[in-house]
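Enquirer: Just model-v5.txt, nothing more (compact mmCIF, N, CA and C atoms):
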```txt
# COMPACT_ATOMS: atom_id res chain seq x y z
N MET I 9 40.04 -79.28 39.17
CA MET I 9 39.59 -78.82 40.46
C MET I 9 38.07 -78.94 40.57
N ALA I 10 37.37 -78.67 39.49
CA ALA I 10 35.91 -78.75 39.53
C ALA I 10 35.46 -80.19 39.79
N LYS I 11 36.17 -81.15 39.22
CA LYS I 11 35.83 -82.56 39.46
C LYS I 11 36.10 -82.94 40.91
N GLU I 12 37.21 -82.46 41.47
CA GLU I 12 37.52 -82.73 42.87
C GLU I 12 36.45 -82.15 43.78
N LEU I 13 36.01 -80.94 43.47
CA LEU I 13 34.96 -80.30 44.25
C LEU I 13 33.66 -81.09 44.15
N LYS I 14 33.31 -81.51 42.95
CA LYS I 14 32.09 -82.28 42.75
C LYS I 14 32.13 -83.60 43.52
N ASP I 15 33.27 -84.29 43.45
CA ASP I 15 33.41 -85.56 44.18
C ASP I 15 33.30 -85.35 45.68
N TYR I 16 33.92 -84.29 46.18
CA TYR I 16 33.86 -84.01 47.61
C TYR I 16 32.43 -83.67 48.05
N ILE I 17 31.73 -82.92 47.23
CA ILE I 17 30.34 -82.56 47.55
C ILE I 17 29.47 -83.81 47.61
N GLU I 18 29.65 -84.73 46.65
CA GLU I 18 28.87 -85.96 46.64
C GLU I 18 29.17 -86.80 47.88
N LYS I 19 30.45 -86.90 48.24
CA LYS I 19 30.84 -87.66 49.43
C LYS I 19 30.22 -87.06 50.69
N THR I 20 30.26 -85.76 50.79
CA THR I 20 29.71 -85.09 51.97
C THR I 20 28.19 -85.18 52.00
N ASP I 21 27.55 -85.12 50.83
CA ASP I 21 26.09 -85.28 50.79
C ASP I 21 25.67 -86.65 51.32
N LYS I 22 26.44 -87.69 50.97
CA LYS I 22 26.14 -89.03 51.48
C LYS I 22 26.30 -89.08 53.00
N LEU I 23 27.33 -88.42 53.49
CA LEU I 23 27.59 -88.38 54.92
C LEU I 23 26.43 -87.68 55.65
N ILE I 24 25.97 -86.58 55.08
CA ILE I 24 24.86 -85.83 55.68
C ILE I 24 23.57 -86.64 55.61
N LYS I 25 23.36 -87.29 54.48
CA LYS I 25 22.13 -88.07 54.30
C LYS I 25 22.05 -89.20 55.33
N ASN I 26 23.19 -89.84 55.62
CA ASN I 26 23.22 -90.93 56.59
C ASN I 26 23.29 -90.43 58.03
N LYS I 27 23.44 -89.11 58.19
CA LYS I 27 23.53 -88.46 59.50
C LYS I 27 24.65 -89.05 60.36
N LYS I 28 25.78 -89.33 59.71
CA LYS I 28 26.94 -89.88 60.41
C LYS I 28 28.06 -88.84 60.42
N VAL I 29 27.75 -87.66 60.89
CA VAL I 29 28.70 -86.56 60.89
C VAL I 29 29.37 -86.48 62.26
N THR I 30 30.70 -86.37 62.26
CA THR I 30 31.45 -86.22 63.50
C THR I 30 32.14 -84.86 63.51
N GLU I 31 32.74 -84.52 64.65
CA GLU I 31 33.48 -83.26 64.74
C GLU I 31 34.66 -83.27 63.77
N LYS I 32 35.28 -84.42 63.62
CA LYS I 32 36.41 -84.54 62.69
C LYS I 32 35.96 -84.23 61.27
N ASP I 33 34.78 -84.71 60.89
CA ASP I 33 34.24 -84.43 59.56
C ASP I 33 34.03 -82.93 59.36
N ILE I 34 33.54 -82.27 60.40
CA ILE I 34 33.30 -80.83 60.29
C ILE I 34 34.61 -80.07 60.17
N LYS I 35 35.62 -80.46 60.94
CA LYS I 35 36.92 -79.80 60.84
C LYS I 35 37.54 -80.01 59.47
N THR I 36 37.42 -81.23 58.96
CA THR I 36 37.92 -81.52 57.60
C THR I 36 37.17 -80.68 56.58
N HIS I 37 35.86 -80.56 56.78
CA HIS I 37 35.03 -79.78 55.85
C HIS I 37 35.45 -78.30 55.84
N LEU I 38 35.71 -77.76 57.03
CA LEU I 38 36.16 -76.37 57.11
C LEU I 38 37.51 -76.18 56.41
N THR I 39 38.39 -77.15 56.55
CA THR I 39 39.69 -77.08 55.87
C THR I 39 39.49 -77.13 54.35
N LYS I 40 38.63 -78.02 53.89
CA LYS I 40 38.35 -78.10 52.44
C LYS I 40 37.75 -76.80 51.93
N ILE I 41 36.87 -76.20 52.71
CA ILE I 41 36.28 -74.92 52.31
C ILE I 41 37.39 -73.88 52.11
N LYS I 42 38.35 -73.84 53.02
CA LYS I 42 39.45 -72.88 52.89
C LYS I 42 40.25 -73.13 51.61
N PHE I 43 40.54 -74.39 51.31
CA PHE I 43 41.28 -74.71 50.10
C PHE I 43 40.51 -74.28 48.85
N PHE I 44 39.21 -74.59 48.82
CA PHE I 44 38.41 -74.24 47.66
C PHE I 44 38.22 -72.72 47.55
N GLN I 45 38.16 -72.02 48.68
CA GLN I 45 38.08 -70.56 48.64
C GLN I 45 39.36 -69.97 48.04
N HIS I 46 40.49 -70.53 48.41
CA HIS I 46 41.76 -70.07 47.85
C HIS I 46 41.79 -70.31 46.34
N GLU I 47 41.37 -71.47 45.92
CA GLU I 47 41.33 -71.80 44.50
C GLU I 47 40.39 -70.84 43.76
N ARG I 48 39.27 -70.54 44.38
CA ARG I 48 38.30 -69.61 43.79
C ARG I 48 38.91 -68.22 43.62
N LEU I 49 39.64 -67.77 44.62
CA LEU I 49 40.28 -66.45 44.55
C LEU I 49 41.31 -66.41 43.42
N VAL I 50 42.12 -67.44 43.31
CA VAL I 50 43.12 -67.49 42.25
C VAL I 50 42.44 -67.43 40.88
N HIS I 51 41.38 -68.19 40.70
CA HIS I 51 40.70 -68.20 39.41
C HIS I 51 39.98 -66.88 39.14
N LEU I 52 39.52 -66.21 40.17
CA LEU I 52 38.93 -64.89 39.97
C LEU I 52 39.97 -63.91 39.46
N ILE I 53 41.15 -63.93 40.05
CA ILE I 53 42.23 -63.03 39.62
C ILE I 53 42.62 -63.33 38.17
N VAL I 54 42.78 -64.60 37.84
CA VAL I 54 43.14 -64.97 36.46
C VAL I 54 42.04 -64.54 35.49
N THR I 55 40.80 -64.75 35.87
CA THR I 55 39.68 -64.36 35.00
C THR I 55 39.67 -62.86 34.77
N LEU I 56 39.91 -62.09 35.82
CA LEU I 56 39.94 -60.63 35.66
C LEU I 56 41.09 -60.18 34.76
N PHE I 57 42.24 -60.82 34.88
CA PHE I 57 43.36 -60.47 34.00
C PHE I 57 43.06 -60.82 32.55
N PHE I 58 42.43 -61.98 32.32
CA PHE I 58 42.06 -62.32 30.94
C PHE I 58 41.06 -61.32 30.39
N ALA I 59 40.11 -60.87 31.21
CA ALA I 59 39.15 -59.86 30.76
C ALA I 59 39.87 -58.55 30.42
N LEU I 60 40.84 -58.18 31.25
CA LEU I 60 41.62 -56.98 30.98
C LEU I 60 42.39 -57.10 29.66
N PHE I 61 43.00 -58.26 29.44
CA PHE I 61 43.73 -58.48 28.19
C PHE I 61 42.82 -58.43 26.98
N VAL I 62 41.63 -58.97 27.11
CA VAL I 62 40.66 -58.92 26.00
C VAL I 62 40.34 -57.47 25.67
N VAL I 63 40.08 -56.67 26.69
CA VAL I 63 39.76 -55.26 26.46
C VAL I 63 40.94 -54.54 25.82
N LEU I 64 42.14 -54.80 26.32
CA LEU I 64 43.33 -54.15 25.75
C LEU I 64 43.55 -54.53 24.28
N PHE I 65 43.37 -55.81 23.99
CA PHE I 65 43.58 -56.24 22.60
C PHE I 65 42.45 -55.78 21.68
N ILE I 66 41.25 -55.59 22.23
CA ILE I 66 40.17 -55.01 21.42
C ILE I 66 40.57 -53.59 21.01
N ARG I 67 41.14 -52.85 21.96
CA ARG I 67 41.61 -51.49 21.63
C ARG I 67 42.71 -51.54 20.58
N MET I 68 43.56 -52.56 20.65
CA MET I 68 44.67 -52.66 19.71
C MET I 68 44.20 -53.04 18.30
N THR I 69 43.00 -53.63 18.19
CA THR I 69 42.50 -53.96 16.85
C THR I 69 42.19 -52.70 16.04
N PHE I 70 42.00 -51.57 16.73
CA PHE I 70 41.80 -50.31 16.00
C PHE I 70 43.09 -49.87 15.32
N ILE I 71 44.22 -50.31 15.85
CA ILE I 71 45.52 -49.98 15.25
C ILE I 71 45.85 -50.96 14.13
N CYS I 72 45.66 -52.26 14.42
CA CYS I 72 45.99 -53.29 13.43
C CYS I 72 44.97 -54.42 13.55
N TYR I 73 44.35 -54.76 12.45
CA TYR I 73 43.29 -55.77 12.47
C TYR I 73 43.81 -57.17 12.77
N ALA I 74 45.10 -57.39 12.69
CA ALA I 74 45.67 -58.71 12.98
C ALA I 74 45.46 -59.09 14.45
N PHE I 75 45.29 -58.10 15.30
CA PHE I 75 45.06 -58.39 16.72
C PHE I 75 43.69 -59.01 16.97
N SER I 76 42.82 -58.98 15.98
CA SER I 76 41.49 -59.58 16.16
C SER I 76 41.59 -61.09 16.37
N ILE I 77 42.62 -61.72 15.82
CA ILE I 77 42.83 -63.16 16.05
C ILE I 77 43.17 -63.40 17.52
N VAL I 78 44.02 -62.54 18.07
CA VAL I 78 44.38 -62.66 19.48
C VAL I 78 43.15 -62.42 20.35
N VAL I 79 42.33 -61.45 19.98
CA VAL I 79 41.10 -61.17 20.72
C VAL I 79 40.20 -62.40 20.72
N LEU I 80 40.06 -63.06 19.58
CA LEU I 80 39.23 -64.25 19.48
C LEU I 80 39.75 -65.35 20.40
N ILE I 81 41.04 -65.60 20.38
CA ILE I 81 41.63 -66.64 21.21
C ILE I 81 41.46 -66.31 22.69
N LEU I 82 41.77 -65.08 23.07
CA LEU I 82 41.63 -64.68 24.47
C LEU I 82 40.17 -64.72 24.94
N THR I 83 39.26 -64.39 24.06
CA THR I 83 37.84 -64.43 24.42
C THR I 83 37.39 -65.87 24.68
N ILE I 84 37.88 -66.80 23.88
CA ILE I 84 37.55 -68.21 24.11
C ILE I 84 38.08 -68.67 25.47
N PHE I 85 39.35 -68.33 25.75
CA PHE I 85 39.91 -68.67 27.05
C PHE I 85 39.11 -68.01 28.19
N LEU I 86 38.74 -66.77 27.99
CA LEU I 86 37.97 -66.05 29.02
C LEU I 86 36.65 -66.74 29.29
N LEU I 87 35.96 -67.18 28.25
CA LEU I 87 34.69 -67.87 28.44
C LEU I 87 34.87 -69.15 29.27
N PHE I 88 35.92 -69.91 28.97
CA PHE I 88 36.17 -71.12 29.74
C PHE I 88 36.53 -70.81 31.18
N TYR I 89 37.29 -69.74 31.42
CA TYR I 89 37.61 -69.34 32.79
C TYR I 89 36.36 -68.90 33.54
N ILE I 90 35.47 -68.20 32.87
CA ILE I 90 34.23 -67.76 33.51
C ILE I 90 33.37 -68.97 33.89
N ILE I 91 33.29 -69.94 33.00
CA ILE I 91 32.52 -71.16 33.30
C ILE I 91 33.14 -71.89 34.49
N HIS I 92 34.46 -72.02 34.49
CA HIS I 92 35.14 -72.71 35.59
C HIS I 92 34.95 -71.95 36.90
N TYR I 93 35.08 -70.64 36.86
CA TYR I 93 34.90 -69.84 38.07
C TYR I 93 33.47 -69.95 38.58
N TYR I 94 32.51 -69.98 37.68
CA TYR I 94 31.11 -70.13 38.05
C TYR I 94 30.89 -71.44 38.82
N LYS I 95 31.49 -72.52 38.31
CA LYS I 95 31.36 -73.81 38.98
C LYS I 95 32.01 -73.78 40.36
N LEU I 96 33.18 -73.17 40.47
CA LEU I 96 33.85 -73.07 41.76
C LEU I 96 33.02 -72.24 42.74
N GLU I 97 32.52 -71.13 42.28
CA GLU I 97 31.73 -70.24 43.15
C GLU I 97 30.50 -70.96 43.68
N ASN I 98 29.76 -71.60 42.79
CA ASN I 98 28.55 -72.30 43.23
C ASN I 98 28.88 -73.48 44.13
N GLY I 99 29.99 -74.16 43.84
CA GLY I 99 30.40 -75.28 44.68
C GLY I 99 30.75 -74.84 46.08
N VAL I 100 31.47 -73.75 46.20
CA VAL I 100 31.85 -73.25 47.53
C VAL I 100 30.60 -72.77 48.28
N GLN I 101 29.69 -72.13 47.60
CA GLN I 101 28.44 -71.71 48.25
C GLN I 101 27.68 -72.93 48.76
N TYR I 102 27.70 -74.02 47.99
CA TYR I 102 27.02 -75.24 48.42
C TYR I 102 27.74 -75.87 49.62
N LEU I 103 29.07 -75.74 49.68
CA LEU I 103 29.81 -76.24 50.83
C LEU I 103 29.38 -75.53 52.11
N TYR I 104 29.07 -74.24 52.00
CA TYR I 104 28.58 -73.49 53.16
C TYR I 104 27.26 -74.10 53.66
N LYS I 105 26.38 -74.42 52.73
CA LYS I 105 25.10 -75.03 53.11
C LYS I 105 25.31 -76.39 53.75
N GLN I 106 26.26 -77.15 53.19
CA GLN I 106 26.57 -78.45 53.78
C GLN I 106 27.09 -78.29 55.21
N TYR I 107 27.92 -77.30 55.40
CA TYR I 107 28.46 -77.05 56.74
C TYR I 107 27.34 -76.78 57.73
N ASP I 108 26.39 -75.96 57.31
CA ASP I 108 25.25 -75.67 58.19
C ASP I 108 24.47 -76.94 58.53
N GLU I 109 24.26 -77.80 57.55
CA GLU I 109 23.56 -79.06 57.78
C GLU I 109 24.36 -79.96 58.72
N MET I 110 25.67 -80.02 58.52
CA MET I 110 26.53 -80.84 59.38
C MET I 110 26.48 -80.33 60.81
N LYS I 111 26.48 -79.03 60.96
CA LYS I 111 26.43 -78.42 62.28
C LYS I 111 25.12 -78.77 62.98
N LYS I 112 24.01 -78.71 62.25
CA LYS I 112 22.70 -79.06 62.83
C LYS I 112 22.68 -80.52 63.29
N ILE I 113 23.24 -81.40 62.48
CA ILE I 113 23.24 -82.83 62.82
C ILE I 113 24.04 -83.06 64.10
N THR I 114 25.22 -82.45 64.19
CA THR I 114 26.05 -82.67 65.38
C THR I 114 25.47 -81.97 66.61
N GLU I 115 24.80 -80.84 66.41
CA GLU I 115 24.16 -80.19 67.56
C GLU I 115 23.04 -81.05 68.11
N ASN I 116 22.31 -81.72 67.21
CA ASN I 116 21.23 -82.61 67.65
C ASN I 116 21.79 -83.81 68.42
N LYS I 117 23.01 -84.24 68.07
CA LYS I 117 23.65 -85.34 68.78
C LYS I 117 24.39 -84.85 70.03
N GLY I 118 24.53 -83.54 70.16
CA GLY I 118 25.24 -82.99 71.30
C GLY I 118 26.74 -83.07 71.13
N LEU I 119 27.23 -83.13 69.89
CA LEU I 119 28.66 -83.27 69.63
C LEU I 119 29.34 -81.97 69.25
N PHE I 120 28.58 -80.99 68.87
CA PHE I 120 29.19 -79.79 68.29
C PHE I 120 29.73 -78.87 69.37
N ASN I 121 31.06 -78.82 69.47
CA ASN I 121 31.67 -77.90 70.42
C ASN I 121 33.00 -77.37 69.87
N ILE I 122 33.11 -77.22 68.60
CA ILE I 122 34.34 -76.75 67.97
C ILE I 122 34.66 -75.33 68.42
N PHE I 123 33.65 -74.47 68.52
CA PHE I 123 33.89 -73.06 68.80
C PHE I 123 33.62 -72.71 70.27
N LYS I 124 33.44 -73.69 71.11
CA LYS I 124 33.15 -73.43 72.51
C LYS I 124 34.40 -73.48 73.33
```
Output the file's structure as structure tokens, nothing else.
Expert:
Amino acid sequence: MAKELKDYIEKTDKLIKNKKVTEKDIKTHLTKIKFFQHERLVHLIVTLFFALFVVLFIRMTFICYAFSIVVLILTIFLLFYIIHYYKLENGVQYLYKQYDEMKKITENKGLFNIFK
């Protein structure tokens, strides 16, 4: 998903740079933002559950030290989920900025009337 987001951002940056933005591009962009927001929410929930499991298994290591292996594995997964969520979050925030730029370009051309 992070690669798809990166590719879409690059494609949209080229579109903005060439100032060839249409209303259809903006509608597509808003749809993509919704999809990426949904993906971000799912990964946030998964990340929070992994963090909860890490905390629970840390508590269980006080009972039996064998759980420390599980804690190590879950912590590694948690770190990767945090990194992935970070990329998604920053990507979606950048999509918002792109949307604002696209809106400015179409307003200058007199094309922006999606919400009118």
Enquirer: Enumerate, in order of chain and increasing residue number, the residues of segment 14-57 of chain I with an atom no farther than 12 Å from segment 61-82 of chain I, each with its shortest atom pair and distance in Å to one decimal, counting only C-alpha atoms, as JSON lines.
Expert:
```
{"residue": "I:Val54", "atom": "CA", "partner": "I:Phe61", "partner_atom": "CA", "distance": 10.5}
{"residue": "I:Thr55", "atom": "CA", "partner": "I:Phe61", "partner_atom": "CA", "distance": 9.9}
{"residue": "I:Leu56", "atom": "CA", "partner": "I:Phe61", "partner_atom": "CA", "distance": 8.6}
{"residue": "I:Phe57", "atom": "CA", "partner": "I:Phe61", "partner_atom": "CA", "distance": 6.2}
```
Enquirer: List every protein, DNA or RNA residue with an atom no more than 12 Å from (34.0, -81.4, 41.7) in the file's coordinates, counting only C-alpha atoms, and format the result as number ranges by chain.
Expert: I: 9-20, 44, 92, 95-100, 102-103
Enquirer: Compute the distance from (34.7, -66.3, 37.2) to each atom, counting only C-alpha atoms, keep the residues with any atom at most 6 Å away, and return them as an MDAnalysis selection string; use the coordinates of the file.
Expert: chainID I and resid 52 55 90 93:94
Enquirer: Could you jot down the atom C of Leu38 of chain I to atom CA of Tyr107 of chain I separation for me, Å, one decimal place?
Expert: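 One can read the atom C of Leu38 of chain I to atom CA of Tyr107 of chain I distance as 9.1 Å.
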Enquirer: Between I:Ile84, I:Asn116, I:Tyr89, I:Ile41, which one has atoms that come closest to Gln101 of chain I, using only C-alpha atoms?
Expert: I:Ile41
Enquirer: Hey, what does DSSP flag as alpha helix (DSSP H) within chain I? Can you give it to me as a ChimeraX atom specification?
Expert: /I:10-25,31-68,75-117
Enquirer: Would you please work out which residue, of I:Lys111, I:Ile53, I:Tyr104, I:Ile91, is nearest to Ile24 of chain I when using only C-alpha atoms?
Expert: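 Among the listed residues, the smallest separation from Ile24 of chain I belongs to I:Lys111.
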Enquirer: What is the distance, in Å and to one decimal place, between atom C of Thr114 of chain I and atom C of Asn26 of chain I?
Expert: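 If I compute the distance from atom C of Thr114 of chain I to atom C of Asn26 of chain I, I get 12.2 Å.
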Enquirer: Figure out the distance between atom CA of Ala59 of chain I and atom CA of Leu86 of chain I, please, to one decimal in Å.
Expert: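 So the two atoms, atom CA of Leu86 of chain I and atom CA of Ala59 of chain I, lie 6.5 Å apart.
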